[in-house]
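K.L.:
Enclosed is the structure file query_7.cif (mmCIF, C-alpha atoms).
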```cif
data_input
#
loop_
_atom_site.label_atom_id
_atom_site.label_comp_id
_atom_site.auth_asym_id
_atom_site.auth_seq_id
_atom_site.Cartn_x
_atom_site.Cartn_y
_atom_site.Cartn_z
CA MET A 1 121.57 70.47 191.54
CA THR A 2 121.54 67.84 188.84
CA ASP A 3 120.71 68.54 185.22
CA ARG A 4 117.49 66.61 185.63
CA GLU A 5 116.44 68.79 188.58
CA LEU A 6 117.35 71.92 186.66
CA ALA A 7 115.37 70.78 183.64
CA SER A 8 112.30 69.86 185.67
CA ARG A 9 112.31 73.18 187.54
CA PHE A 10 113.27 75.39 184.61
CA PRO A 11 109.70 75.79 183.24
CA ALA A 12 108.68 77.53 186.47
CA GLY A 13 110.99 80.36 185.46
CA ASP A 14 112.17 81.13 188.99
CA ASP A 15 115.09 83.51 189.01
CA ASP A 16 117.24 81.13 191.03
CA ILE A 17 116.74 78.30 188.57
CA VAL A 18 117.33 80.51 185.55
CA ARG A 19 120.51 81.74 187.24
CA ALA A 20 121.54 78.15 187.91
CA VAL A 21 120.98 77.12 184.28
CA TYR A 22 122.80 80.22 183.10
CA GLY A 23 125.63 79.56 185.55
CA ARG A 24 126.13 76.08 184.19
CA TYR A 25 125.62 76.73 180.50
CA GLY A 26 125.83 80.47 179.93
CA GLY A 27 129.53 80.41 179.13
CA ALA A 28 129.16 77.55 176.68
CA VAL A 29 126.18 79.22 174.98
CA TYR A 30 128.25 82.38 174.68
CA THR A 31 131.09 80.35 173.19
CA VAL A 32 128.81 78.85 170.54
CA ALA A 33 127.50 82.30 169.65
CA MET A 34 131.00 83.73 169.51
CA SER A 35 132.29 80.86 167.41
CA ILE A 36 129.56 81.46 164.83
CA LEU A 37 129.22 85.25 164.99
CA GLY A 38 132.58 86.43 166.34
CA ASP A 39 130.99 89.55 167.77
CA PRO A 40 130.52 90.02 171.54
CA THR A 41 127.45 92.25 171.27
CA ARG A 42 125.56 89.98 168.93
CA ALA A 43 126.74 86.93 170.85
CA ALA A 44 125.22 88.43 173.99
CA ASP A 45 121.94 88.95 172.11
CA VAL A 46 122.02 85.31 171.06
CA VAL A 47 122.58 84.19 174.65
CA GLN A 48 119.53 86.14 175.79
CA ALA A 49 117.40 84.79 172.95
CA THR A 50 118.62 81.26 173.62
CA PHE A 51 117.58 81.27 177.26
CA ALA A 52 114.28 83.02 176.54
CA ASN A 53 113.43 80.53 173.79
CA ALA A 54 114.58 77.63 175.90
CA TRP A 55 112.35 78.75 178.71
CA GLN A 56 109.39 79.13 176.33
CA ALA A 57 109.93 75.61 175.04
CA SER A 58 110.89 74.13 178.40
CA HIS A 59 107.45 72.73 179.14
CA ARG A 60 107.95 70.39 176.20
CA PHE A 61 111.44 69.36 177.22
CA ASP A 62 111.81 65.78 178.37
CA PRO A 63 113.83 65.89 181.59
CA ASP A 64 115.15 62.43 180.79
CA ARG A 65 117.17 64.02 178.05
CA GLU A 66 120.33 65.97 178.65
CA LEU A 67 119.79 69.67 179.14
CA GLY A 68 123.11 70.72 177.64
CA PRO A 69 122.74 69.37 174.09
CA TRP A 70 119.22 70.79 173.96
CA LEU A 71 120.48 74.24 174.90
CA TYR A 72 123.30 73.85 172.42
CA THR A 73 120.80 73.14 169.65
CA ILE A 74 118.82 76.27 170.50
CA ALA A 75 121.95 78.40 170.79
CA ARG A 76 123.26 77.17 167.48
CA ARG A 77 119.93 77.87 165.79
CA GLN A 78 119.77 81.35 167.26
CA ALA A 79 123.33 82.11 166.21
CA ILE A 80 122.74 80.88 162.66
CA ASP A 81 119.59 82.98 162.42
CA ALA A 82 121.51 86.02 163.65
CA TYR A 83 124.26 85.29 161.15
CA ARG A 84 121.78 85.11 158.30
CA ARG A 85 119.96 88.24 159.40
CA GLU A 86 123.20 90.14 159.31
CA ARG A 87 124.13 88.89 155.90
CA ARG A 88 120.72 89.73 154.52
CA THR A 89 120.89 93.31 155.70
CA GLU A 90 124.22 93.85 154.02
CA PRO A 91 123.96 95.55 150.62
CA THR A 92 124.51 92.65 148.29
CA ASP A 93 124.32 91.91 144.61
CA PRO A 94 120.83 90.45 144.03
CA SER A 95 122.31 87.40 142.36
CA GLU A 96 124.16 86.62 145.57
CA LEU A 97 120.94 86.54 147.54
CA GLU A 98 120.32 83.07 146.17
CA ILE A 99 123.12 81.77 148.30
CA ILE A 100 122.85 82.21 152.02
CA GLU A 101 125.99 80.62 153.32
CA LEU A 102 126.36 78.89 156.60
CA PRO A 103 128.92 80.39 158.92
CA PRO A 104 132.38 78.96 158.26
CA SER A 105 132.93 78.02 161.89
CA LEU A 106 129.75 76.00 162.24
CA GLU A 107 131.46 72.62 162.30
CA GLN A 108 133.64 73.69 165.18
CA ALA A 109 130.73 74.95 167.28
CA TRP A 110 129.88 71.59 168.84
CA GLU A 111 133.46 70.88 169.80
CA ALA A 112 133.85 74.42 171.13
CA TRP A 113 130.74 73.86 173.23
CA GLN A 114 132.16 70.66 174.72
CA VAL A 115 135.57 72.15 175.36
CA ARG A 116 134.06 75.20 177.01
CA LEU A 117 131.91 73.06 179.30
CA ALA A 118 135.01 71.11 180.32
CA ILE A 119 137.06 74.24 180.92
CA ASP A 120 134.30 75.73 183.04
CA GLN A 121 134.64 72.77 185.37
CA LEU A 122 138.32 73.44 186.06
CA PRO A 123 139.35 75.34 189.19
CA GLY A 124 140.21 78.95 188.38
CA ASP A 125 143.97 78.60 188.83
CA GLU A 126 144.12 75.53 186.59
CA CYS A 127 141.92 77.21 184.01
CA ASP A 128 144.35 80.16 183.87
CA VAL A 129 147.29 77.88 183.22
CA VAL A 130 145.50 76.00 180.45
CA ARG A 131 144.44 79.25 178.80
CA MET A 132 147.93 80.71 178.91
CA SER A 133 149.35 77.49 177.58
CA TRP A 134 146.95 76.77 174.72
CA PHE A 135 145.53 80.17 173.86
CA ASP A 136 148.45 82.47 174.66
CA GLY A 137 151.05 79.87 173.71
CA LEU A 138 153.19 80.46 176.79
CA ALA A 139 155.75 78.06 178.24
CA HIS A 140 155.72 77.13 181.92
CA GLN A 141 158.43 79.64 182.73
CA GLU A 142 156.51 82.45 181.01
CA ILE A 143 153.32 81.51 182.79
CA ALA A 144 155.16 81.50 186.09
CA GLU A 145 156.47 84.99 185.41
CA ARG A 146 153.08 86.27 184.40
CA LEU A 147 151.37 84.80 187.44
CA GLY A 148 154.23 85.62 189.81
CA VAL A 149 154.49 82.06 191.12
CA PRO A 150 157.31 79.48 191.05
CA VAL A 151 157.63 77.46 187.89
CA GLY A 152 157.13 74.30 189.96
CA THR A 153 153.70 75.59 190.93
CA VAL A 154 152.83 76.15 187.31
CA LYS A 155 154.00 72.65 186.40
CA SER A 156 151.96 71.15 189.17
CA ARG A 157 148.81 73.08 188.21
CA SER A 158 149.36 72.36 184.56
CA HIS A 159 149.80 68.67 185.27
CA ARG A 160 146.54 68.51 187.23
CA ALA A 161 144.66 70.68 184.77
CA HIS A 162 145.64 68.71 181.71
CA ARG A 163 144.90 65.41 183.35
CA ARG A 164 141.50 66.66 184.46
CA LEU A 165 140.71 68.20 181.10
CA ALA A 166 141.71 65.05 179.23
CA THR A 167 139.34 63.09 181.44
CA LEU A 168 136.49 65.55 180.95
CA LEU A 169 136.89 65.44 177.18
CA ALA A 170 137.54 61.72 176.85
CA HIS A 171 133.96 61.00 175.78
CA VAL A 172 134.16 63.61 173.02
CA ARG A 173 137.42 62.15 171.78
CA ASP A 174 135.89 58.69 171.77
CA GLU A 175 132.82 59.91 169.88
CA ASN A 176 134.93 61.68 167.30
CA ARG A 177 136.98 58.55 166.89
CA SER A 178 134.01 56.23 166.50
CA GLU A 179 131.74 58.46 164.48
CA SER A 180 134.32 60.34 162.46
CA SER A 181 133.14 63.82 161.50
CA ALA A 182 129.68 62.89 160.29
CA VAL A 183 127.44 64.23 163.00
CA PRO A 184 128.88 66.69 165.43
CA ILE A 185 127.78 69.97 163.90
CA ASP A 186 124.35 69.91 165.50
CA GLY A 187 124.91 67.70 168.50
CA SER A 188 122.08 65.46 167.36
CA ARG A 189 123.82 62.28 168.40
CA HIS A 190 123.24 63.39 171.96
CA ASP A 191 119.61 64.10 171.42
CA ASN A 192 116.64 61.87 171.19
CA GLN A 193 116.51 61.07 167.52
CA ASP A 194 112.76 61.61 167.52
CA ASP A 195 113.43 65.29 167.92
CA HIS A 196 115.23 65.66 164.66
CA GLN A 197 113.65 65.66 161.30
CA MET B 1 151.27 78.28 197.85
CA ASN B 2 152.23 74.68 198.63
CA ASP B 3 151.61 73.04 195.31
CA GLU B 4 155.13 73.24 193.95
CA GLN B 5 155.75 69.54 194.53
CA PRO B 6 154.70 67.09 191.85
CA PRO B 7 151.76 65.02 193.09
CA ASP B 8 152.04 61.32 193.77
CA GLY B 9 155.75 61.34 193.19
CA THR B 10 155.13 61.01 189.46
CA ASP B 11 157.00 62.87 186.80
CA PRO B 12 154.59 65.73 186.02
CA ASP B 13 156.30 66.53 182.74
CA ALA B 14 155.85 63.02 181.44
CA ASP B 15 152.32 62.77 182.73
CA GLU B 16 151.39 66.14 181.26
CA SER B 17 152.81 65.11 177.92
CA GLU B 18 150.43 62.21 177.90
CA SER B 19 147.46 64.43 178.81
CA ARG B 20 148.50 66.99 176.23
CA ALA B 21 148.62 64.29 173.59
CA ALA B 22 145.09 63.30 174.56
CA LEU B 23 144.02 66.92 174.13
CA ALA B 24 145.74 67.36 170.78
CA PRO B 25 142.49 66.73 168.83
CA PHE B 26 141.04 69.76 170.63
CA ALA B 27 143.97 72.05 169.90
CA ALA B 28 141.96 74.25 167.55
CA SER B 29 139.20 74.76 170.11
CA LEU B 30 141.62 75.26 172.99
CA GLY B 31 143.36 77.91 170.93
CA SER B 32 140.22 79.70 169.80
CA ALA B 33 139.11 83.03 171.20
CA ALA B 34 135.48 81.89 171.28
CA VAL B 35 136.21 79.13 173.78
CA TRP B 36 137.94 81.55 176.12
CA SER B 37 135.57 84.46 175.59
CA VAL B 38 134.03 85.81 178.76
CA PRO B 39 130.40 86.93 178.70
CA PRO B 40 129.82 90.46 179.93
CA ASP B 41 128.99 90.68 183.64
CA GLU B 42 125.56 92.14 182.99
CA LEU B 43 124.53 89.29 180.70
CA GLU B 44 123.07 87.16 183.48
CA ALA B 45 120.76 90.01 184.50
CA LEU B 46 119.75 90.55 180.86
CA VAL B 47 118.96 86.86 180.49
CA LEU B 48 116.80 86.99 183.60
CA GLU B 49 114.98 90.01 182.20
CA ARG B 50 114.32 88.26 178.91
CA VAL B 51 112.96 85.17 180.60
CA ARG B 52 110.78 87.30 182.88
CA ALA B 53 109.49 89.19 179.85
CA ALA B 54 108.73 85.92 178.08
CA ALA B 55 106.93 84.67 181.16
CA ALA B 56 104.86 87.84 181.35
CA THR B 57 103.92 87.58 177.70
CA ASN B 58 102.89 83.98 178.14
CA SER B 59 100.69 84.71 181.14
CA ASP B 60 98.91 87.43 179.18
CA ALA B 61 98.30 85.15 176.24
CA PRO B 62 94.82 83.78 175.86
CA ALA B 63 94.33 80.23 176.97
CA ALA B 64 94.31 77.67 174.22
CA SER B 65 90.68 77.04 173.43
CA PRO B 66 90.15 76.12 169.84
CA ALA B 67 86.73 77.29 168.77
CA ARG B 68 84.52 74.30 168.14
CA VAL B 69 80.90 74.57 167.13
CA ARG B 70 80.22 70.90 166.70
CA GLY B 71 77.86 69.55 169.32
CA VAL B 72 74.74 67.56 169.95
CA ILE B 73 72.04 68.32 167.43
CA SER B 74 68.54 68.35 168.76
CA ARG B 75 65.78 66.47 166.97
CA ARG B 76 63.92 69.60 166.06
CA LEU B 77 66.89 70.70 164.03
CA LEU B 78 67.09 67.48 162.04
CA PRO B 79 65.21 68.86 159.01
CA ALA B 80 67.57 71.75 158.89
CA VAL B 81 70.46 69.38 159.20
CA ALA B 82 69.07 67.31 156.34
CA ALA B 83 68.87 70.43 154.26
CA ALA B 84 72.37 71.24 155.23
CA VAL B 85 73.46 67.78 154.14
CA VAL B 86 71.92 68.37 150.74
CA ALA B 87 73.57 71.72 150.51
CA PHE B 88 76.79 70.06 151.55
CA ALA B 89 76.43 67.50 148.78
CA ILE B 90 75.73 70.23 146.24
CA GLY B 91 78.30 72.68 147.36
CA PHE B 92 80.92 70.61 149.15
CA ALA B 93 83.62 73.15 148.82
CA ILE B 94 81.56 75.99 150.23
CA ALA B 95 80.26 73.97 153.12
CA ASN B 96 83.66 72.52 153.81
CA ARG B 97 85.10 75.98 153.86
CA SER B 98 82.48 77.13 156.29
CA ASP B 99 83.11 74.15 158.56
CA ASP B 100 86.81 74.79 158.33
CA ASP B 101 86.32 78.40 159.30
CA ALA B 102 84.51 77.27 162.42
CA ASN B 103 87.27 74.83 163.28
CA ALA B 104 90.14 77.17 162.60
CA MET B 105 92.38 77.09 165.65
CA ALA B 106 95.05 79.57 164.67
CA ASP B 107 95.82 82.37 162.28
CA VAL B 108 98.95 82.77 160.23
CA GLN B 109 100.47 85.89 158.74
CA LEU B 110 103.69 85.43 156.79
CA ALA B 111 106.01 88.16 155.64
CA GLY B 112 108.54 87.86 152.83
CA THR B 113 112.20 87.74 153.72
CA GLU B 114 114.95 89.43 151.76
CA LEU B 115 114.77 86.49 149.36
CA ALA B 116 111.17 87.41 148.49
CA PRO B 117 110.63 90.91 149.85
CA THR B 118 107.34 91.52 148.05
CA ALA B 119 105.78 88.22 149.09
CA SER B 120 103.30 87.73 151.89
CA ALA B 121 100.70 85.22 152.90
CA SER B 122 97.82 84.96 155.27
CA GLY B 123 95.71 82.06 156.36
CA ASP B 124 94.66 79.82 159.17
CA VAL B 125 95.14 76.40 160.66
CA VAL B 126 92.19 74.03 160.73
CA ASP B 127 91.85 70.90 162.83
CA ARG B 128 90.38 68.37 160.41
CA GLY B 129 90.61 65.42 162.74
CA ALA B 130 93.03 63.42 160.63
CA GLY B 131 95.50 66.28 160.76
CA TYR B 132 95.84 70.03 160.58
CA ALA B 133 95.24 71.85 157.32
CA ILE B 134 97.26 75.02 156.99
CA ARG B 135 95.38 77.15 154.46
CA LEU B 136 97.38 79.98 152.95
CA ASP B 137 96.54 82.69 150.47
CA MET B 138 99.79 83.68 148.82
CA ASP B 139 100.47 87.14 147.53
CA GLY B 140 103.52 88.15 145.53
CA LEU B 141 105.39 84.86 145.85
CA PRO B 142 106.80 84.16 142.38
CA PRO B 143 106.59 80.68 140.83
CA ALA B 144 109.46 78.53 142.00
CA PRO B 145 112.11 78.36 139.30
CA GLU B 146 112.27 75.11 137.36
CA GLY B 147 114.20 72.56 139.37
CA SER B 148 113.15 74.05 142.65
CA TYR B 149 110.08 74.13 144.84
CA TYR B 150 108.74 75.66 148.00
CA GLU B 151 108.41 73.79 151.26
CA GLY B 152 106.47 74.74 154.38
CA TRP B 153 107.86 74.08 157.84
CA LEU B 154 106.60 74.37 161.38
CA ARG B 155 109.33 75.57 163.67
CA ALA B 156 109.34 75.27 167.45
CA ASP B 157 111.02 77.68 169.84
CA ASP B 158 113.88 75.27 170.27
CA GLY B 159 114.52 75.19 166.52
CA GLU B 160 112.94 71.82 165.86
CA MET B 161 111.36 71.82 162.39
CA VAL B 162 108.69 69.66 160.79
CA SER B 163 107.91 69.73 157.10
CA VAL B 164 104.26 70.36 156.25
CA GLY B 165 104.36 69.96 152.49
CA THR B 166 105.63 71.31 149.21
CA PHE B 167 104.25 73.45 146.36
CA HIS B 168 105.58 75.43 143.39
CA MET B 169 103.18 78.34 142.60
CA ARG B 170 103.45 77.77 138.83
CA GLY B 171 99.71 77.91 138.48
CA GLY B 172 96.51 78.22 140.43
CA ASP B 173 94.96 81.13 142.24
CA GLY B 174 97.55 81.55 144.96
CA SER B 175 95.83 79.37 147.54
CA VAL B 176 97.90 76.63 149.06
CA VAL B 177 96.98 73.99 151.62
CA LEU B 178 99.73 72.41 153.66
CA TRP B 179 99.22 69.53 156.05
CA SER B 180 100.60 68.82 159.46
CA GLY B 181 100.45 65.55 161.33
CA VAL B 182 101.98 67.06 164.44
CA ARG B 183 100.21 69.31 166.93
CA VAL B 184 100.51 72.77 165.43
CA ALA B 185 99.94 74.30 168.86
CA GLU B 186 103.40 73.14 169.87
CA TYR B 187 105.07 75.15 167.14
CA SER B 188 105.37 78.89 167.14
CA THR B 189 106.45 79.72 163.62
CA LEU B 190 105.60 78.79 160.07
CA ILE B 191 108.25 79.29 157.44
CA VAL B 192 108.43 78.63 153.73
CA THR B 193 111.75 77.75 152.14
CA GLU B 194 112.89 77.38 148.59
CA GLN B 195 114.40 73.96 147.97
CA VAL B 196 116.31 72.45 145.07
CA GLU B 197 114.88 69.26 143.60
CA ARG B 198 116.91 66.13 144.21
CA SER B 199 119.60 68.10 145.94
CA PRO B 200 121.79 66.16 148.34
CA ASP B 201 121.69 69.25 150.52
CA ASP B 202 118.62 68.80 152.70
CA SER B 203 119.10 72.04 154.60
CA HIS B 204 116.27 74.53 154.78
CA ASP B 205 118.21 77.73 154.70
CA GLN B 206 116.53 79.61 151.87
CA VAL B 207 113.65 81.08 153.83
CA VAL B 208 111.29 83.11 151.63
CA LEU B 209 108.37 83.59 154.03
CA GLU B 210 108.19 83.56 157.79
CA GLY B 211 105.59 84.38 160.41
CA GLU B 212 104.15 83.52 163.77
CA ILE B 213 101.28 81.13 164.34
CA GLU B 214 98.73 83.01 166.42
CA ARG B 215 96.45 80.70 168.36
CA ARG B 216 92.82 81.76 168.58
#
```
Reformat the file's structure so that it appears as structure tokens.
P.N.:
Amino acid sequence: MTDRELASRFPAGDDDIVRAVYGRYGGAVYTVAMSILGDPTRAADVVQATFANAWQASHRFDPDRELGPWLYTIARRQAIDAYRRERRTEPTDPSELEIIELPPSLEQAWEAWQVRLAIDQLPGDECDVVRMSWFDGLAHQEIAERLGVPVGTVKSRSHRAHRRLATLLAHVRDENRSESSAVPIDGSRHDNQDDHQ
Amino acid sequence: MNDEQPPDGTDPDADESESRAALAPFAASLGSAAVWSVPPDELEALVLERVRAAAATNSDAPAASPARVRGVISRRLLPAVAAAVVAFAIGFAIANRSDDDANAMADVQLAGTELAPTASASGDVVDRGAGYAIRLDMDGLPPAPEGSYYEGWLRADDGEMVSVGTFHMRGGDGSVVLWSGVRVAEYSTLIVTEQVERSPDDSHDQVVLEGEIERR
């Protein structure tokens, strides 16, 4: 089902459609929440709130727009609100209440969203190799040992995975190159500018 | 497993080096725990529950039907209307208030945040044709410090925000009227932030009051 079909059917709130939207974007929404909050329990709360709020606002969503950046905007807002709520409930010096900081990882949230969406499109075996390579910092030989497969298999999977991932993220790299670091924290360059104040 | 052979007869090491170089700008994200974090299995079911709950709440909500008392005035009421016009001319504010009350389309109750815990506000939203007047009676909101001011915002469920005006509370009787040129019915929340004058930072993070807009 295309994004446009998902967006147009989302307001009906059918379980299958909600599952489909969650299946496509749930991981990326969770990533945004984790990148801002760093806590699995609160990130899960943010994911629930994001989809509930998105559904409530879905009748106003223009299906000609991309569904992903819209969900990202809601997720980011929910995560920031959760972050601020937590900070405000902490016992703090009253003078510090004047400054409600933004989460330090906010600028990375948009890129994390894009990378997660790309990773979620990789086949499982390729995804494992990329994770072990970039996140665990393992060499091909170590990955082969961990997976119990020949090192040639790991090389082949890694080759395919990296080529695929580079293709999936090419547009983000191009945007970053052309627009520097001015915009990406809220994904607004992907949205209809009329929707941003 | 038959995928040990390099595809296309190419040198996979060389080709991967090229792809890796292309991914280098994303090294921080690819190495972050958040990107690789796995949502709990039960999260999908919880999301479904939340959406179902939201749907149930919406279906129980009263249909949007702003109360309007304006209508055709019969001839036999014209004298009364004339009298009303005189009264309107004499006591514009009172009459205007009465008309506003009839045209109020939503109620607003705001509670103070941790930045202004003793503050609150109540009011309504009136369709005045040219726009929506958001009439608030403030209670406990201190005057904005010199160099700062308060700003009202409508916020939609998706986080979109629209400014509805500014005020400072350094005088007056606590009543404030904000104005919206967008359809208030499409926004669920009214917030008030404290802003710094001429600050390059145009964020609206310092929320002092927040509350739902309850449609009548």
K.L.:
Identify all chain B residues at most 8 Å from chain A by counting all atoms listed in the file; ligands do not count. Present them as a PDB file with C-alpha atoms, in the frame of the given file.
P.N.:
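Saved to result.pdb:
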```pdb
ATOM      1  CA  MET B   1     151.270  78.280 197.850  1.00  0.00           C
ATOM      2  CA  ASN B   2     152.230  74.680 198.630  1.00  0.00           C
ATOM      3  CA  ASP B   3     151.610  73.040 195.310  1.00  0.00           C
ATOM      4  CA  GLU B   4     155.130  73.240 193.950  1.00  0.00           C
ATOM      5  CA  GLN B   5     155.750  69.540 194.530  1.00  0.00           C
ATOM      6  CA  PRO B   6     154.700  67.090 191.850  1.00  0.00           C
ATOM      7  CA  PRO B   7     151.760  65.020 193.090  1.00  0.00           C
ATOM      8  CA  PRO B  12     154.590  65.730 186.020  1.00  0.00           C
ATOM      9  CA  ASP B  13     156.300  66.530 182.740  1.00  0.00           C
ATOM     10  CA  ASP B  15     152.320  62.770 182.730  1.00  0.00           C
ATOM     11  CA  GLU B  16     151.390  66.140 181.260  1.00  0.00           C
ATOM     12  CA  SER B  19     147.460  64.430 178.810  1.00  0.00           C
ATOM     13  CA  ARG B  20     148.500  66.990 176.230  1.00  0.00           C
ATOM     14  CA  ALA B  22     145.090  63.300 174.560  1.00  0.00           C
ATOM     15  CA  LEU B  23     144.020  66.920 174.130  1.00  0.00           C
ATOM     16  CA  PRO B  25     142.490  66.730 168.830  1.00  0.00           C
ATOM     17  CA  PHE B  26     141.040  69.760 170.630  1.00  0.00           C
ATOM     18  CA  ALA B  27     143.970  72.050 169.900  1.00  0.00           C
ATOM     19  CA  SER B  29     139.200  74.760 170.110  1.00  0.00           C
ATOM     20  CA  LEU B  30     141.620  75.260 172.990  1.00  0.00           C
ATOM     21  CA  GLY B  31     143.360  77.910 170.930  1.00  0.00           C
ATOM     22  CA  SER B  32     140.220  79.700 169.800  1.00  0.00           C
ATOM     23  CA  ALA B  33     139.110  83.030 171.200  1.00  0.00           C
ATOM     24  CA  ALA B  34     135.480  81.890 171.280  1.00  0.00           C
ATOM     25  CA  VAL B  35     136.210  79.130 173.780  1.00  0.00           C
ATOM     26  CA  TRP B  36     137.940  81.550 176.120  1.00  0.00           C
ATOM     27  CA  SER B  37     135.570  84.460 175.590  1.00  0.00           C
ATOM     28  CA  VAL B  38     134.030  85.810 178.760  1.00  0.00           C
ATOM     29  CA  PRO B  39     130.400  86.930 178.700  1.00  0.00           C
ATOM     30  CA  PRO B  40     129.820  90.460 179.930  1.00  0.00           C
ATOM     31  CA  LEU B  43     124.530  89.290 180.700  1.00  0.00           C
ATOM     32  CA  GLU B  44     123.070  87.160 183.480  1.00  0.00           C
ATOM     33  CA  LEU B  46     119.750  90.550 180.860  1.00  0.00           C
ATOM     34  CA  VAL B  47     118.960  86.860 180.490  1.00  0.00           C
ATOM     35  CA  LEU B  48     116.800  86.990 183.600  1.00  0.00           C
ATOM     36  CA  ARG B  50     114.320  88.260 178.910  1.00  0.00           C
ATOM     37  CA  VAL B  51     112.960  85.170 180.600  1.00  0.00           C
ATOM     38  CA  ARG B  52     110.780  87.300 182.880  1.00  0.00           C
ATOM     39  CA  ALA B  54     108.730  85.920 178.080  1.00  0.00           C
ATOM     40  CA  ALA B  55     106.930  84.670 181.160  1.00  0.00           C
ATOM     41  CA  GLU B 114     114.950  89.430 151.760  1.00  0.00           C
ATOM     42  CA  LEU B 115     114.770  86.490 149.360  1.00  0.00           C
ATOM     43  CA  ALA B 156     109.340  75.270 167.450  1.00  0.00           C
ATOM     44  CA  ASP B 157     111.020  77.680 169.840  1.00  0.00           C
ATOM     45  CA  ASP B 158     113.880  75.270 170.270  1.00  0.00           C
ATOM     46  CA  GLY B 159     114.520  75.190 166.520  1.00  0.00           C
ATOM     47  CA  GLU B 160     112.940  71.820 165.860  1.00  0.00           C
ATOM     48  CA  MET B 161     111.360  71.820 162.390  1.00  0.00           C
ATOM     49  CA  VAL B 162     108.690  69.660 160.790  1.00  0.00           C
ATOM     50  CA  ASP B 205     118.210  77.730 154.700  1.00  0.00           C
ATOM     51  CA  GLN B 206     116.530  79.610 151.870  1.00  0.00           C
TER      52      GLN B 206
END
```
K.L.:
Which is closest to Arg24 of chain A among A:Ala79, A:Gln121, A:Glu86, A:His59, if we use only C-alpha atoms?
P.N.:
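The answer is A:Gln121, which sits nearest to Arg24 of chain A.
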K.L.:
For a test of reading the model, state the distance in Å between atom CA of Gly181 of chain B and atom CA of Val108 of chain B, rounded to one decimal.
P.N.:
17.3 Å
K.L.:
Could you work out how far atom CA of Val125 of chain B lies from atom CA of Gln195 of chain B, giving the answer in Å with one decimal?
P.N.:
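Interatomic distance, atom CA of Gln195 of chain B to atom CA of Val125 of chain B: 23.2 Å.
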K.L.:
In Å to one decimal, how far is atom CA of His171 of chain A from atom CA of Asp3 of chain A?
P.N.:
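Rounded to one decimal, the two atoms are 17.9 Å apart.
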K.L.:
Rank nothing, just name the residue among B:Trp153, B:Phe167, B:Thr113, B:Gly174 nearest to Gly140 of chain B, using only C-alpha atoms.
P.N.:
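When distances to Gly140 of chain B are compared using only C-alpha atoms, the smallest one comes from B:Gly174.
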